[in-house]
Amino acid sequence: MSFSNTSLRIPRGFGTVLNGLVREVLRDQPEDIPKYAAHYFSSLLKQREESGVDPAEWAATLEDRFESNAFKDAAAPATGGLSEIKKTTYK
């Protein structure tokens, strides 16, 4: 059995985007979680295309600022960030 010395890193912003999905799943308690997740990520893509703001990049910027403790320029994008995603409940 061979093992690789490759270390994998979580992409910038990925954790925050997944945390957003988890929060919405816990809040809405959908019966079909994969379908709900597909709709959630489709909404993120639509928001990115319409606003020009990439939620993953925005989240990565916030993560960087949190890690460096430099919140002085932490302004939310004009769209209001991840909180404005319109979602349909799949129950």
# chains A, B, ... in the order shown; residues from 1 in each chain; ligands from 1
>>> residues_around(residues="Gly13 (chain A)", least_positions_apart="2", cutoff="12 Å", atoms="only C-alpha atoms", output="PyMOL selection string")
chain A and resi 9-11+15-20+54-65+82
>>> atom_distance(atom1="CA of Leu26 (chain A)", atom2="CA of Glu50 (chain A)")
27.0 Å
>>> select_by_dssp(residues="region 24-70 of chain A", states="alpha helix (DSSP H)", output="PyMOL selection string")
chain A and resi 24-28+33-51+55-68
